[in-house]
>>> print(open('run-v9.txt').read())   # compact mmCIF, C-alpha atoms
# COMPACT_ATOMS: atom_id res chain seq x y z
CA MET A 139 -2.56 -20.13 -33.18
CA SER A 140 -2.05 -23.53 -34.79
CA LEU A 141 -3.22 -26.77 -33.19
CA VAL A 142 0.41 -27.83 -32.71
CA ASN A 143 1.22 -24.62 -30.82
CA ARG A 144 -1.87 -24.99 -28.65
CA VAL A 145 -0.86 -28.55 -27.76
CA ILE A 146 2.69 -27.41 -26.95
CA GLN A 147 1.34 -24.64 -24.71
CA ARG A 148 -0.96 -27.05 -22.90
CA VAL A 149 1.83 -29.58 -22.30
CA ARG A 150 4.07 -26.78 -21.05
CA ARG A 151 1.36 -25.46 -18.71
CA ASP A 152 0.65 -28.92 -17.32
CA TYR A 153 4.36 -29.50 -16.75
CA PHE A 154 4.93 -26.32 -14.76
CA ARG A 155 1.67 -26.77 -12.83
CA ALA A 156 2.77 -30.29 -11.84
CA ARG A 157 6.12 -28.88 -10.60
CA TYR A 158 4.38 -26.09 -8.67
CA GLN A 159 1.82 -28.16 -6.77
CA PRO A 160 4.17 -30.09 -4.43
CA VAL A 161 6.03 -26.85 -3.69
CA ALA A 162 2.82 -25.05 -2.72
CA ALA A 163 1.81 -28.03 -0.57
CA ARG A 164 4.89 -27.38 1.61
CA VAL A 165 2.90 -24.56 3.20
CA LEU A 166 1.00 -27.25 5.11
CA ALA A 167 4.16 -27.83 7.17
CA THR A 168 4.26 -24.21 8.35
CA PRO A 169 2.67 -23.12 11.66
CA PRO A 170 -0.85 -21.70 11.86
CA LEU A 171 -1.27 -17.95 11.62
CA LYS A 172 -1.78 -15.92 14.76
CA PRO A 173 -4.22 -12.99 14.77
CA GLY A 174 -2.70 -9.62 13.99
CA ASN A 175 -3.61 -6.17 15.20
CA LEU A 176 -3.33 -3.94 12.14
CA PRO A 177 -6.59 -2.07 11.50
CA PHE A 178 -7.87 -3.71 8.35
CA MET A 179 -9.66 -6.78 7.05
CA LEU A 180 -7.93 -9.09 4.56
CA LEU A 181 -10.50 -10.66 2.25
CA SER A 182 -10.15 -13.31 -0.47
CA MET A 183 -12.44 -15.54 -2.47
CA VAL A 184 -11.02 -19.06 -2.65
CA HIS A 185 -11.74 -21.98 -5.00
CA GLN A 186 -11.08 -25.58 -4.02
CA ARG A 187 -8.15 -25.88 -6.44
CA ASP A 188 -6.45 -22.82 -4.90
CA VAL A 189 -6.45 -23.65 -1.17
CA HIS A 190 -2.70 -24.30 -1.00
CA SER A 191 -1.96 -21.27 -3.18
CA TYR A 192 -4.15 -19.13 -0.94
CA LEU A 193 -2.33 -20.29 2.18
CA VAL A 194 1.01 -19.31 0.63
CA ALA A 195 -0.49 -15.97 -0.41
CA VAL A 196 -2.02 -15.16 2.96
CA LYS A 197 0.91 -16.38 5.04
CA SER A 198 3.46 -14.52 2.92
CA PHE A 199 1.37 -11.34 3.09
CA THR A 200 0.81 -11.53 6.85
CA HIS A 201 4.52 -12.13 7.34
CA PHE A 202 4.80 -8.41 6.58
CA LEU A 203 1.35 -7.03 7.48
CA ASN A 204 -0.90 -8.99 9.81
CA PRO A 205 -4.50 -7.70 9.97
CA GLU A 206 -6.98 -7.95 12.80
CA ARG A 207 -9.50 -9.82 10.61
CA ILE A 208 -9.19 -12.37 7.80
CA VAL A 209 -12.23 -13.36 5.74
CA VAL A 210 -12.53 -16.03 3.05
CA VAL A 211 -15.54 -15.99 0.76
CA CYS A 212 -15.87 -19.67 -0.09
CA ASP A 213 -16.48 -20.60 -3.70
CA PRO A 214 -19.20 -23.31 -3.89
CA SER A 215 -16.42 -25.82 -4.68
CA ILE A 216 -15.05 -25.51 -1.14
CA GLY A 217 -16.02 -28.57 0.91
CA SER A 218 -15.55 -29.76 4.46
CA GLU A 219 -11.98 -30.94 3.85
CA GLU A 220 -10.91 -27.55 2.50
CA ARG A 221 -12.68 -25.74 5.34
CA ALA A 222 -10.80 -27.86 7.86
CA ILE A 223 -7.46 -27.00 6.20
CA LEU A 224 -8.28 -23.30 6.17
CA LYS A 225 -9.31 -23.37 9.83
CA GLN A 226 -6.21 -25.34 10.80
CA HIS A 227 -3.84 -22.85 9.20
CA VAL A 228 -5.81 -19.64 9.83
CA PRO A 229 -7.69 -20.48 13.05
CA HIS A 230 -9.31 -17.05 13.28
CA VAL A 231 -10.47 -17.00 9.65
CA GLU A 232 -14.10 -16.06 9.05
CA LEU A 233 -15.52 -18.41 6.41
CA ARG A 234 -18.45 -16.95 4.49
CA GLU A 235 -20.51 -18.33 1.62
CA ALA A 236 -20.50 -16.76 -1.84
CA HIS A 237 -24.30 -16.90 -2.01
CA GLU A 238 -24.49 -14.48 0.93
CA PHE A 239 -23.17 -11.71 -1.28
CA THR A 240 -25.52 -11.35 -4.23
CA HIS A 241 -27.71 -8.52 -5.43
CA PRO A 242 -30.54 -8.52 -7.99
CA ASP A 243 -28.90 -5.70 -9.97
CA MET A 244 -25.52 -7.42 -10.28
CA PRO A 245 -24.29 -10.42 -12.26
CA ARG A 246 -23.34 -13.59 -10.42
CA GLY A 247 -20.20 -15.68 -10.68
CA GLY A 248 -16.66 -14.67 -11.47
CA THR A 249 -15.63 -12.41 -8.60
CA TRP A 250 -18.86 -10.41 -8.30
CA GLU A 251 -19.68 -12.00 -4.93
CA ARG A 252 -16.21 -11.14 -3.66
CA LEU A 253 -16.58 -7.50 -4.61
CA TYR A 254 -20.03 -7.27 -3.06
CA ALA A 255 -18.65 -8.86 0.11
CA ILE A 256 -16.04 -6.08 0.24
CA ALA A 257 -18.80 -3.51 -0.21
CA THR A 258 -20.81 -5.17 2.55
CA PHE A 259 -17.94 -5.03 5.02
CA SER A 260 -16.75 -1.56 3.99
CA PRO A 261 -18.91 0.57 6.31
CA GLU A 262 -16.99 -0.74 9.33
CA ASN A 263 -13.70 -1.96 7.86
CA TYR A 264 -10.81 -0.96 5.66
CA VAL A 265 -10.78 -3.99 3.33
CA VAL A 266 -7.75 -5.30 1.44
CA GLN A 267 -8.63 -7.75 -1.34
CA LEU A 268 -5.92 -10.39 -1.84
CA ASP A 269 -5.95 -12.90 -4.69
CA ALA A 270 -4.78 -16.47 -4.07
CA ASP A 271 -2.21 -16.16 -6.87
CA THR A 272 -0.19 -13.42 -5.17
CA LEU A 273 3.06 -13.62 -3.24
CA THR A 274 4.68 -11.09 -0.90
CA VAL A 275 8.44 -11.43 -0.48
CA GLN A 276 9.64 -8.03 0.77
CA PRO A 277 8.24 -5.26 3.00
CA ILE A 278 5.24 -3.38 1.59
CA PRO A 279 5.19 -0.08 3.52
CA GLU A 280 3.05 1.67 0.90
CA VAL A 281 0.16 -0.61 1.82
CA LEU A 282 0.49 0.04 5.54
CA GLU A 283 0.70 3.77 4.88
CA ALA A 284 -2.53 3.63 2.83
CA VAL A 285 -4.35 1.66 5.52
CA ARG A 286 -3.30 4.01 8.30
CA ALA A 287 -4.18 7.08 6.23
CA GLY A 288 -7.52 5.64 5.13
CA ARG A 289 -6.55 5.90 1.45
CA GLY A 290 -7.41 3.49 -1.32
CA PHE A 291 -4.78 1.67 -3.37
CA VAL A 292 -4.74 -0.45 -6.50
CA LEU A 293 -2.28 -2.43 -8.59
CA GLY A 294 -1.33 -0.55 -11.74
CA GLU A 295 -0.37 -2.01 -15.10
CA MET A 296 2.55 0.34 -15.79
CA VAL A 297 4.68 3.00 -14.13
CA ASP A 298 2.46 5.82 -12.86
CA THR A 299 -0.81 4.24 -13.95
CA PRO A 300 -3.13 7.26 -14.18
CA ILE A 301 -6.48 7.81 -12.52
CA ARG A 302 -8.54 9.43 -15.28
CA SER A 303 -11.82 11.23 -15.73
CA LEU A 304 -14.48 9.15 -17.48
CA ALA A 305 -14.10 11.29 -20.60
CA ALA A 306 -10.35 10.61 -20.68
CA THR A 307 -11.04 6.94 -19.98
CA ARG A 308 -13.33 6.81 -23.01
CA GLU A 309 -10.77 8.52 -25.21
CA HIS A 310 -8.09 6.05 -24.11
CA ALA A 311 -10.36 3.03 -24.67
CA LEU A 312 -11.95 3.87 -28.01
CA PRO A 313 -8.98 2.81 -30.19
CA LYS A 314 -9.28 -0.68 -28.67
CA VAL A 315 -12.99 -1.05 -29.44
CA CYS A 316 -13.42 -3.19 -32.52
CA PRO A 317 -15.23 -6.44 -33.40
CA GLY A 318 -14.31 -9.00 -30.75
CA ALA A 319 -12.96 -6.38 -28.34
CA HIS A 320 -12.53 -7.32 -24.68
CA ILE A 321 -15.44 -6.33 -22.47
CA GLN A 322 -13.12 -4.23 -20.32
CA SER A 323 -12.29 -1.94 -23.24
CA ILE A 324 -15.95 -1.78 -24.30
CA SER A 325 -17.01 -0.91 -20.74
CA GLU A 326 -14.32 1.74 -20.39
CA ALA A 327 -15.45 3.37 -23.62
CA GLU A 328 -19.11 3.44 -22.55
CA MET A 329 -19.08 4.38 -18.86
CA ALA A 330 -18.86 8.08 -19.75
CA ASN A 331 -22.28 7.73 -21.39
CA VAL A 332 -24.36 6.17 -18.62
CA GLY A 333 -25.11 9.20 -16.42
CA LEU A 334 -22.48 8.74 -13.73
CA PRO A 335 -21.38 11.80 -11.71
CA ALA A 336 -19.50 14.39 -13.74
CA ASP A 337 -16.50 14.20 -11.43
CA ALA A 338 -16.34 10.38 -11.39
CA LEU A 339 -12.96 8.74 -12.01
CA TYR A 340 -11.58 5.43 -13.29
CA VAL A 341 -8.26 3.59 -13.10
CA ARG A 342 -7.17 0.71 -15.34
CA GLY A 343 -5.90 -1.32 -12.44
CA CYS A 344 -6.06 -4.93 -11.35
CA SER A 345 -8.61 -6.12 -8.82
CA GLY A 346 -6.29 -8.88 -7.57
CA PHE A 347 -4.82 -6.61 -4.88
CA THR A 348 -6.84 -3.57 -3.93
CA GLY A 349 -7.38 -1.49 -0.80
CA PHE A 350 -10.84 -0.09 -0.08
CA PRO A 351 -11.17 2.51 2.71
CA ARG A 352 -14.24 2.53 4.90
CA SER A 353 -17.31 3.70 2.99
CA SER A 354 -20.98 4.03 3.89
CA THR A 355 -21.94 4.26 0.20
CA MET A 356 -19.90 1.55 -1.55
CA ARG A 357 -22.77 -0.96 -1.71
CA ASP A 358 -25.16 1.59 -3.20
CA ASP A 359 -22.48 2.91 -5.56
CA MET A 360 -21.72 -0.61 -6.77
CA ALA A 361 -25.36 -1.43 -7.43
CA ASP A 362 -25.93 1.90 -9.18
CA PHE A 363 -22.89 1.41 -11.42
CA SER A 364 -23.98 -2.12 -12.33
CA ARG A 365 -27.54 -1.00 -13.12
CA ARG A 366 -26.30 1.77 -15.40
CA MET A 367 -23.83 -0.47 -17.21
CA THR A 368 -26.45 -3.21 -17.63
CA ALA A 369 -28.82 -0.70 -19.21
CA LYS A 370 -26.06 0.24 -21.67
CA LEU A 371 -24.48 -3.14 -22.42
CA GLY A 372 -27.27 -5.63 -21.73
CA GLU A 373 -26.16 -9.26 -21.54
CA ASP A 374 -22.56 -8.26 -22.25
CA TRP A 375 -22.40 -6.87 -18.71
CA LYS A 376 -22.45 -10.48 -17.47
CA ARG A 377 -19.20 -11.32 -19.25
CA TRP A 378 -16.02 -12.18 -17.35
CA GLY A 379 -14.06 -9.00 -16.68
CA THR A 380 -16.92 -6.66 -15.83
CA GLU A 381 -16.31 -7.22 -12.12
CA GLN A 382 -12.75 -5.93 -12.56
CA VAL A 383 -14.11 -2.86 -14.33
CA THR A 384 -16.45 -2.30 -11.39
CA SER A 385 -13.65 -2.75 -8.84
CA ASN A 386 -11.50 -0.26 -10.75
CA TYR A 387 -14.34 2.27 -10.82
CA LEU A 388 -15.10 1.91 -7.12
CA VAL A 389 -11.50 2.18 -5.94
CA ALA A 390 -10.77 5.10 -8.26
CA ASN A 391 -13.56 7.01 -6.52
CA ALA A 392 -12.58 5.94 -3.00
CA ALA A 393 -10.87 8.36 -0.62
CA GLY A 394 -7.36 9.38 -1.69
CA THR A 395 -6.69 6.38 -3.95
CA ARG A 396 -3.21 5.99 -5.42
CA THR A 397 -1.75 3.30 -7.64
CA LEU A 398 1.00 1.23 -6.04
CA PRO A 399 4.52 1.75 -7.39
CA PHE A 400 5.22 -0.42 -10.41
CA PRO A 401 7.04 -2.79 -10.77
CA LYS A 402 7.59 -3.01 -7.01
CA TYR A 403 4.03 -4.33 -7.09
CA GLY A 404 3.26 -6.12 -10.33
CA THR A 405 3.33 -9.15 -12.56
CA PRO A 406 6.35 -11.48 -12.84
CA ASP A 407 7.16 -10.51 -16.42
CA CYS A 408 8.08 -7.00 -15.23
CA ALA A 409 9.73 -7.94 -11.93
CA THR A 410 13.08 -6.58 -10.76
CA GLY A 411 15.16 -7.22 -7.67
CA GLU A 412 13.04 -4.57 -5.93
CA THR A 413 9.72 -6.31 -6.57
CA ALA A 414 8.04 -6.98 -3.23
CA PHE A 415 4.60 -8.16 -4.35
CA PHE A 416 3.94 -10.51 -7.27
CA HIS A 417 0.62 -11.13 -8.96
CA PHE A 418 0.78 -14.31 -11.02
CA ILE A 419 -2.23 -13.70 -13.23
CA GLY A 420 -3.57 -16.69 -15.13
CA SER A 421 -1.68 -16.12 -18.35
CA MET A 422 1.65 -15.97 -16.45
CA ARG A 423 1.19 -18.63 -13.78
CA PHE A 424 2.45 -21.80 -15.42
CA ILE A 425 4.42 -20.68 -18.47
CA ASN A 426 7.77 -21.08 -16.68
CA SER A 427 9.19 -21.89 -13.23
CA LYS A 428 8.82 -18.39 -11.73
CA TYR A 429 5.65 -19.14 -9.74
CA GLU A 430 7.22 -22.28 -8.34
CA ALA A 431 10.50 -20.55 -7.45
CA THR A 432 8.85 -17.50 -5.90
CA SER A 433 6.50 -19.71 -3.89
CA ARG A 434 9.46 -21.70 -2.62
CA HIS A 435 11.13 -18.44 -1.55
CA ALA A 436 7.94 -17.20 0.16
CA ILE A 437 7.50 -20.47 2.07
CA SER A 438 11.14 -20.26 3.16
CA LEU A 439 10.50 -16.78 4.60
CA ILE A 440 7.44 -18.06 6.45
CA SER A 441 9.32 -21.07 7.84
CA LYS A 442 12.33 -19.05 9.00
CA ALA A 443 10.09 -16.55 10.78
CA ALA A 444 8.48 -19.38 12.72
CA ALA A 445 11.73 -21.09 13.65
>>> encode(input="run-v9.txt", output="structure tokens")
Amino acid sequence: MSLVNRVIQRVRRDYFRARYQPVAARVLATPPLKPGNLPFMLLSMVHQRDVHSYLVAVKSFTHFLNPERIVVVCDPSIGSEERAILKQHVPHVELREAHEFTHPDMPRGGTWERLYAIATFSPENYVVQLDADTLTVQPIPEVLEAVRAGRGFVLGEMVDTPIRSLAATREHALPKVCPGAHIQSISEAEMANVGLPADALYVRGCSGFTGFPRSSTMRDDMADFSRRMTAKLGEDWKRWGTEQVTSNYLVANAAGTRTLPFPKYGTPDCATGETAFFHFIGSMRFINSKYEATSRHAISLISKAAA
């Protein structure tokens, strides 16, 4: 990409981010959340810059499904001002520190602490991981059904995203492995060769919205997977994206996991009038006005419900 194109992209991103921020801040005028009674924990890791986004995400989600517990794993950037805002708008939120959720056999940073927090809570809780850049605008009965049935769920990247054996995962990934390949593709090509169980599975999903049923082994399984992949990939296992690979592996092997229907649950570039849950991943967040417009719609739903 030329320097001119990079500058144009940056200006465009800054423009749409500037338009989005005052819209997201409107969530501060909505009432505080009340505790729900659905039998799951909603967990997110939140950075200082994403507090308003998170509040729109959590309030729009709980408009449709309100859990009995909400946990925020605080990025080190979260200070007293952000904690006060979170407590004001989610009075029953449990604020935890990222450094509580580390393990000597796992990398640190990225979303590793978030995933280990999920594993830590999983023996006693069905845990739904919710990214701060998500928005829920229509009913999501598939999620409630999964929670009540004790089944895992994950965002897919296409219609009928398959859950594959590790051998099939390797076969699918190998054509993408070349100099400069993404660590996700490299990991997917190698996990069949690290001594994991013969019946282990994998799904090329997105960790931004994932449901983990109760599990007494998730922590040990996570540490074992990370140890094996570290032995195979060395320092590359610390690269951004390996935590998503690990999340995909863990949920694929959880009880009864299914991928959510796509594009009812998906990214904005594939959305239709039936899309109920949007994930505005980084590359799609501020390239146009969709995040702003969908956030405005979500806040309107929240406000009307409280009126």
>>> closest_atom_pairs(input="run-v9.txt", of="stretch 281-356 of chain A", to="stretch 372-382 of chain A", cutoff="9 Å", atoms="only C-alpha atoms", output="JSON lines")
{"residue": "A:His320", "atom": "CA", "partner": "A:Gly379", "partner_atom": "CA", "distance": 8.3}
{"residue": "A:Ile321", "atom": "CA", "partner": "A:Gly379", "partner_atom": "CA", "distance": 6.5}
{"residue": "A:Gln322", "atom": "CA", "partner": "A:Gly379", "partner_atom": "CA", "distance": 6.1}
{"residue": "A:Ser325", "atom": "CA", "partner": "A:Thr380", "partner_atom": "CA", "distance": 7.6}
{"residue": "A:Gly343", "atom": "CA", "partner": "A:Gln382", "partner_atom": "CA", "distance": 8.3}
{"residue": "A:Cys344", "atom": "CA", "partner": "A:Gln382", "partner_atom": "CA", "distance": 6.9}
{"residue": "A:Ser345", "atom": "CA", "partner": "A:Gln382", "partner_atom": "CA", "distance": 5.6}
{"residue": "A:Gly346", "atom": "CA", "partner": "A:Gln382", "partner_atom": "CA", "distance": 8.7}
>>> closest_atom_pairs(input="run-v9.txt", of="stretch 365-400 of chain A", to="stretch 255-258 of chain A", cutoff="12 Å", atoms="all atoms listed in the file", output="Markdown table")
| residue | atom | partner | partner_atom | distance |
| --- | --- | --- | --- | --- |
| A:Thr384 | CA | A:Ala257 | CA | 11.5 |
| A:Ser385 | CA | A:Ile256 | CA | 10.0 |
| A:Leu388 | CA | A:Ala257 | CA | 9.5 |
| A:Val389 | CA | A:Ala257 | CA | 10.9 |
| A:Ala392 | CA | A:Ala257 | CA | 11.7 |
>>> atom_distance(input="run-v9.txt", atom1="atom CA of A:Arg365", atom2="atom CA of A:Thr249")
17.1 Å
>>> closest_residue(input="run-v9.txt", among="A:Asp337, A:Gly217, A:Ile425, A:Pro313", to="A:Val149", atoms="only C-alpha atoms")
A:Ile425
>>> atom_distance(input="run-v9.txt", atom1="atom CA of A:Phe154", atom2="atom CA of A:Thr168")
23.2 Å
>>> residues_around(input="run-v9.txt", residues="A:Thr413", least_positions_apart="2", cutoff="9 Å", atoms="all atoms listed in the file", output="compact mmCIF listing (two decimals) with C-alpha atoms, in the frame of the given file")
# COMPACT_ATOMS: atom_id res chain seq x y z
CA THR A 274 4.68 -11.09 -0.90
CA VAL A 275 8.44 -11.43 -0.48
CA GLN A 276 9.64 -8.03 0.77
CA PHE A 400 5.22 -0.42 -10.41
CA PRO A 401 7.04 -2.79 -10.77
CA LYS A 402 7.59 -3.01 -7.01
CA TYR A 403 4.03 -4.33 -7.09
CA GLY A 404 3.26 -6.12 -10.33
CA PRO A 406 6.35 -11.48 -12.84
CA CYS A 408 8.08 -7.00 -15.23
CA ALA A 409 9.73 -7.94 -11.93
CA THR A 410 13.08 -6.58 -10.76
CA GLY A 411 15.16 -7.22 -7.67
CA PHE A 415 4.60 -8.16 -4.35
CA PHE A 416 3.94 -10.51 -7.27
>>> closest_residue(input="run-v9.txt", among="A:Arg207, A:Lys172, A:Arg423, A:Arg246", to="A:Val228", atoms="only C-alpha atoms")
A:Lys172
>>> atom_distance(input="run-v9.txt", atom1="atom CA of A:Ser191", atom2="atom CA of A:Glu283")
26.4 Å
>>> residues_around(input="run-v9.txt", residues="A:Pro229", least_positions_apart="5", cutoff="8 Å", atoms="only C-alpha atoms", output="list in words")
Pro170, Leu171, Lys172 and Leu224 of chain A
>>> residues_near_point(input="run-v9.txt", point="(-12.0, -24.4, -3.2)", cutoff="7 Å", atoms="only C-alpha atoms", output="ChimeraX atom specification")
/A:184-189,212-213,215-216,220
>>> residues_near_point(input="run-v9.txt", point="(-21.5, -14.4, 2.1)", cutoff="12 Å", atoms="only C-alpha atoms", output="PDB file with C-alpha atoms, in the frame of the given file")
ATOM      1  CA  LEU A 181     -10.500 -10.660   2.250  1.00  0.00           C
ATOM      2  CA  SER A 182     -10.150 -13.310  -0.470  1.00  0.00           C
ATOM      3  CA  MET A 183     -12.440 -15.540  -2.470  1.00  0.00           C
ATOM      4  CA  VAL A 209     -12.230 -13.360   5.740  1.00  0.00           C
ATOM      5  CA  VAL A 210     -12.530 -16.030   3.050  1.00  0.00           C
ATOM      6  CA  VAL A 211     -15.540 -15.990   0.760  1.00  0.00           C
ATOM      7  CA  CYS A 212     -15.870 -19.670  -0.090  1.00  0.00           C
ATOM      8  CA  ASP A 213     -16.480 -20.600  -3.700  1.00  0.00           C
ATOM      9  CA  PRO A 214     -19.200 -23.310  -3.890  1.00  0.00           C
ATOM     10  CA  GLU A 232     -14.100 -16.060   9.050  1.00  0.00           C
ATOM     11  CA  LEU A 233     -15.520 -18.410   6.410  1.00  0.00           C
ATOM     12  CA  ARG A 234     -18.450 -16.950   4.490  1.00  0.00           C
ATOM     13  CA  GLU A 235     -20.510 -18.330   1.620  1.00  0.00           C
ATOM     14  CA  ALA A 236     -20.500 -16.760  -1.840  1.00  0.00           C
ATOM     15  CA  HIS A 237     -24.300 -16.900  -2.010  1.00  0.00           C
ATOM     16  CA  GLU A 238     -24.490 -14.480   0.930  1.00  0.00           C
ATOM     17  CA  PHE A 239     -23.170 -11.710  -1.280  1.00  0.00           C
ATOM     18  CA  THR A 240     -25.520 -11.350  -4.230  1.00  0.00           C
ATOM     19  CA  HIS A 241     -27.710  -8.520  -5.430  1.00  0.00           C
ATOM     20  CA  TRP A 250     -18.860 -10.410  -8.300  1.00  0.00           C
ATOM     21  CA  GLU A 251     -19.680 -12.000  -4.930  1.00  0.00           C
ATOM     22  CA  ARG A 252     -16.210 -11.140  -3.660  1.00  0.00           C
ATOM     23  CA  LEU A 253     -16.580  -7.500  -4.610  1.00  0.00           C
ATOM     24  CA  TYR A 254     -20.030  -7.270  -3.060  1.00  0.00           C
ATOM     25  CA  ALA A 255     -18.650  -8.860   0.110  1.00  0.00           C
ATOM     26  CA  ILE A 256     -16.040  -6.080   0.240  1.00  0.00           C
ATOM     27  CA  ALA A 257     -18.800  -3.510  -0.210  1.00  0.00           C
ATOM     28  CA  THR A 258     -20.810  -5.170   2.550  1.00  0.00           C
ATOM     29  CA  PHE A 259     -17.940  -5.030   5.020  1.00  0.00           C
TER      30      PHE A 259
END
>>> closest_residue(input="run-v9.txt", among="A:Asn331, A:Ser354, A:Ser427, A:Ser438", to="A:Arg155", atoms="all atoms listed in the file")
A:Ser427
>>> closest_residue(input="run-v9.txt", among="A:Ile301, A:Ala162, A:Ile208, A:Ile440", to="A:His230", atoms="all atoms listed in the file")
A:Ile208
>>> closest_residue(input="run-v9.txt", among="A:Tyr340, A:Phe291, A:Phe199, A:Phe350", to="A:Pro277", atoms="only C-alpha atoms")
A:Phe199
>>> closest_residue(input="run-v9.txt", among="A:Gln147, A:Ser353, A:Thr395, A:Ser421", to="A:Asn263", atoms="only C-alpha atoms")
A:Ser353
>>> residues_around(input="run-v9.txt", residues="A:Pro399", least_positions_apart="5", cutoff="9 Å", atoms="all atoms listed in the file", output="ChimeraX atom specification")
/A:280,293-294,296-299,404
>>> build_atoms(input="run-v9.txt", residues="stretch 360-374 of chain A", atoms="N, CA and C atoms", output="mmCIF file, in the frame of the given file")
data_model
loop_
_atom_site.group_PDB
_atom_site.id
_atom_site.type_symbol
_atom_site.label_atom_id
_atom_site.label_comp_id
_atom_site.auth_asym_id
_atom_site.auth_seq_id
_atom_site.Cartn_x
_atom_site.Cartn_y
_atom_site.Cartn_z
ATOM 1 N N MET A 360 -21.961 0.575 -5.950
ATOM 2 C CA MET A 360 -21.720 -0.610 -6.770
ATOM 3 C C MET A 360 -22.984 -1.025 -7.515
ATOM 4 N N ALA A 361 -24.099 -1.049 -6.796
ATOM 5 C CA ALA A 361 -25.360 -1.430 -7.430
ATOM 6 C C ALA A 361 -25.766 -0.417 -8.497
ATOM 7 N N ASP A 362 -25.577 0.858 -8.215
ATOM 8 C CA ASP A 362 -25.930 1.900 -9.180
ATOM 9 C C ASP A 362 -25.083 1.776 -10.440
ATOM 10 N N PHE A 363 -23.789 1.561 -10.271
ATOM 11 C CA PHE A 363 -22.890 1.410 -11.420
ATOM 12 C C PHE A 363 -23.298 0.213 -12.261
ATOM 13 N N SER A 364 -23.597 -0.905 -11.603
ATOM 14 C CA SER A 364 -23.980 -2.120 -12.330
ATOM 15 C C SER A 364 -25.302 -1.912 -13.065
ATOM 16 N N ARG A 365 -26.257 -1.258 -12.446
ATOM 17 C CA ARG A 365 -27.540 -1.000 -13.120
ATOM 18 C C ARG A 365 -27.331 -0.163 -14.378
ATOM 19 N N ARG A 366 -26.533 0.881 -14.264
ATOM 20 C CA ARG A 366 -26.300 1.770 -15.400
ATOM 21 C C ARG A 366 -25.575 1.051 -16.541
ATOM 22 N N MET A 367 -24.582 0.235 -16.183
ATOM 23 C CA MET A 367 -23.830 -0.470 -17.210
ATOM 24 C C MET A 367 -24.665 -1.584 -17.848
ATOM 25 N N THR A 368 -25.539 -2.202 -17.074
ATOM 26 C CA THR A 368 -26.450 -3.210 -17.630
ATOM 27 C C THR A 368 -27.392 -2.567 -18.638
ATOM 28 N N ALA A 369 -27.917 -1.391 -18.294
ATOM 29 C CA ALA A 369 -28.820 -0.700 -19.210
ATOM 30 C C ALA A 369 -28.123 -0.359 -20.525
ATOM 31 N N LYS A 370 -26.824 -0.110 -20.470
ATOM 32 C CA LYS A 370 -26.060 0.240 -21.670
ATOM 33 C C LYS A 370 -25.608 -0.976 -22.460
ATOM 34 N N LEU A 371 -25.145 -2.016 -21.755
ATOM 35 C CA LEU A 371 -24.480 -3.140 -22.420
ATOM 36 C C LEU A 371 -25.312 -4.418 -22.451
ATOM 37 N N GLY A 372 -26.416 -4.455 -21.723
ATOM 38 C CA GLY A 372 -27.270 -5.630 -21.730
ATOM 39 C C GLY A 372 -26.563 -6.886 -21.238
ATOM 40 N N GLU A 373 -26.732 -7.974 -21.949
ATOM 41 C CA GLU A 373 -26.160 -9.260 -21.540
ATOM 42 C C GLU A 373 -24.635 -9.239 -21.513
ATOM 43 N N ASP A 374 -24.020 -8.341 -22.264
ATOM 44 C CA ASP A 374 -22.560 -8.260 -22.250
ATOM 45 C C ASP A 374 -22.023 -7.901 -20.870
#
